[in-house]
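Report on one structure; see the data block that follows.
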Amino acid sequence: MEQDEFRTITGMAKGLYKEKGSKFIGIAVPVRDEDEVKGKLEEVRKQYHDARHHCYAFRLGYKGETFRTNDDGEPSGTAGKPIYGQILSKELTDILIIVVRYFGGTKLGVSGLITAYKSASRDALEQAEIITGTIDDCYEVHFAYPLMNEVMRLVKNYKLKLLNQHFELTCTIVFLVRKSKSEEVHEKFSKINGVKIGIAYMC
């Protein structure tokens, strides 16, 4: 992948793994922050309130810099880490995977548990739609109406995504640009006499 790209999933997906009477339900959901993680965990715990364990792992941020694993009572390292391993194997971020376990009466042992949580997670990801997104910078540009053609030529040439535009005597546009092109685009706009460009924080 390019340095300004990331991979995530578009929506909820479920997987299933069964072993010796135990049932493992993998639930993968896209999340943007830790508050959303907490909310999704509460939803799943309520929905599967009669399950023995609700183990999970999540990864957040364009570079996956925020992550956590939780074994929820299973032997240390047998649930959260295998789940997280599947997230890493697909190079995903902004994702939470919860694996719900219904105990079947027979213990699976450490290796059996690792296989089960890994398999349920993998199956959920196999059902998910994975997309590649871009890391973007957001700029706001102010210019006088006579400069319209020059400004819009850059918008077209760099295929900038316009979020807002206001055209009168004094014009304003707000756009997104891929991080890898950010400096170059900023420089091009800055060189147009009469154009003011700055970071837009309300994107």
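Going by the structure tokens order, chains are called A, B, ..., each with residues numbered from 1, while ligands are numbered from 1 in the order shown.
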
As a PyMOL selection string, please: every residue in region 1-176 of chain A that DSSP puts in strand (DSSP E). chain A and resi 5-9+13-19+22-30+53-60+66-70+95-102+130-134+136-144+161-166+170-176

Env of Ser119 (chain A): 10 Å cut, atoms = only C-alpha atoms, seq-sep filter 6 positions within chain, self excluded. Answer as a PyMOL selection string. chain A and resi 15-18+24-26+82-83+86+99+113+125

Hey, which of A:Gly112, A:Gly11, A:Gly77, A:Pro146 ends up closest to Thr170 (chain A)? Count only C-alpha atoms.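 Nearest candidate to Thr170 (chain A) out of A:Gly112, A:Gly11, A:Gly77, A:Pro146: A:Pro146.
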
Under the rule that only C-alpha atoms are counted, which of A:Asp72, A:Glu43, A:Asp33, A:Glu168 is the nearest residue to Phe58 (chain A)?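 Selected residue with least distance to Phe58 (chain A): A:Asp33.
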
Name all residues at most 10 Å from region 187-193 of chain A (count only C-alpha atoms; drop same-chain ones fewer than 3 positions away) and give them as a PyMOL selection string. chain A and resi 141+143+147+150-151+154-155+182-184+196-198

Could you check how far CA of Thr69 (chain A) sits from CA of Ile130 (chain A), in Å to one decimal? 21.4 Å

List the neighbours of Ser180 (chain A) out to 12 Å using only C-alpha atoms; skip same-chain residues closer than 4 positions along the sequence, and give me the result as a VMD selection string. chain A and resid 2 to 5 134 to 137 158 176 184 to 186

Just want the 12 Å neighbourhood of Gly105 (chain A), counted on only C-alpha atoms, with same-chain residues fewer than 4 positions away dropped. Output as a PyMOL selection string. chain A and resi 19-23+52+101

Run DSSP on the backbone and tell me which residues of region 82-159 of chain A come out as helix (DSSP H, G or I); list them as an MDAnalysis selection string. chainID A and resid 82:89 109:127 145:157

Using the selection just defined, write its residues with C-alpha atoms as a PDB file, in the first residue's frame.
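Full text of out-v1.pdb as output:
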```
ATOM      1  CA  PRO A  82      -5.259 -14.530  17.944  1.00  0.00           C
ATOM      2  CA  ILE A  83      -8.103 -12.131  17.090  1.00  0.00           C
ATOM      3  CA  TYR A  84      -5.653  -9.241  16.771  1.00  0.00           C
ATOM      4  CA  GLY A  85      -3.389 -11.405  14.643  1.00  0.00           C
ATOM      5  CA  GLN A  86      -6.138 -11.706  12.031  1.00  0.00           C
ATOM      6  CA  ILE A  87      -6.562  -7.922  11.955  1.00  0.00           C
ATOM      7  CA  LEU A  88      -2.826  -7.566  11.316  1.00  0.00           C
ATOM      8  CA  SER A  89      -2.757 -10.315   8.699  1.00  0.00           C
ATOM      9  CA  GLY A 109      -6.834 -26.442  25.794  1.00  0.00           C
ATOM     10  CA  VAL A 110      -4.561 -23.551  24.923  1.00  0.00           C
ATOM     11  CA  SER A 111      -3.871 -24.547  21.301  1.00  0.00           C
ATOM     12  CA  GLY A 112      -7.538 -25.382  20.730  1.00  0.00           C
ATOM     13  CA  LEU A 113      -8.654 -21.986  22.010  1.00  0.00           C
ATOM     14  CA  ILE A 114      -6.095 -20.146  19.885  1.00  0.00           C
ATOM     15  CA  THR A 115      -7.294 -22.012  16.801  1.00  0.00           C
ATOM     16  CA  ALA A 116     -10.942 -21.340  17.633  1.00  0.00           C
ATOM     17  CA  TYR A 117     -10.597 -17.574  18.170  1.00  0.00           C
ATOM     18  CA  LYS A 118      -8.342 -17.236  15.144  1.00  0.00           C
ATOM     19  CA  SER A 119     -10.745 -19.204  12.934  1.00  0.00           C
ATOM     20  CA  ALA A 120     -13.882 -17.319  14.035  1.00  0.00           C
ATOM     21  CA  SER A 121     -12.121 -14.005  13.388  1.00  0.00           C
ATOM     22  CA  ARG A 122     -10.806 -15.119  10.019  1.00  0.00           C
ATOM     23  CA  ASP A 123     -14.241 -16.308   8.940  1.00  0.00           C
ATOM     24  CA  ALA A 124     -15.781 -12.941   9.888  1.00  0.00           C
ATOM     25  CA  LEU A 125     -13.152 -11.097   7.834  1.00  0.00           C
ATOM     26  CA  GLU A 126     -13.723 -13.415   4.882  1.00  0.00           C
ATOM     27  CA  GLN A 127     -17.371 -12.315   4.884  1.00  0.00           C
ATOM     28  CA  TYR A 145     -13.662  35.919  -8.530  1.00  0.00           C
ATOM     29  CA  PRO A 146     -11.326  36.785 -11.478  1.00  0.00           C
ATOM     30  CA  LEU A 147      -8.967  34.020 -10.286  1.00  0.00           C
ATOM     31  CA  MET A 148     -11.715  31.387 -10.586  1.00  0.00           C
ATOM     32  CA  ASN A 149     -10.393  29.693 -13.745  1.00  0.00           C
ATOM     33  CA  GLU A 150      -6.851  29.414 -12.413  1.00  0.00           C
ATOM     34  CA  VAL A 151      -8.036  27.963  -9.104  1.00  0.00           C
ATOM     35  CA  MET A 152     -10.472  25.507 -10.651  1.00  0.00           C
ATOM     36  CA  ARG A 153      -7.806  24.331 -13.119  1.00  0.00           C
ATOM     37  CA  LEU A 154      -5.757  23.108 -10.150  1.00  0.00           C
ATOM     38  CA  VAL A 155      -8.836  21.463  -8.625  1.00  0.00           C
ATOM     39  CA  LYS A 156      -9.377  19.567 -11.886  1.00  0.00           C
ATOM     40  CA  ASN A 157      -5.702  18.710 -12.514  1.00  0.00           C
TER      41      ASN A 157
END
```
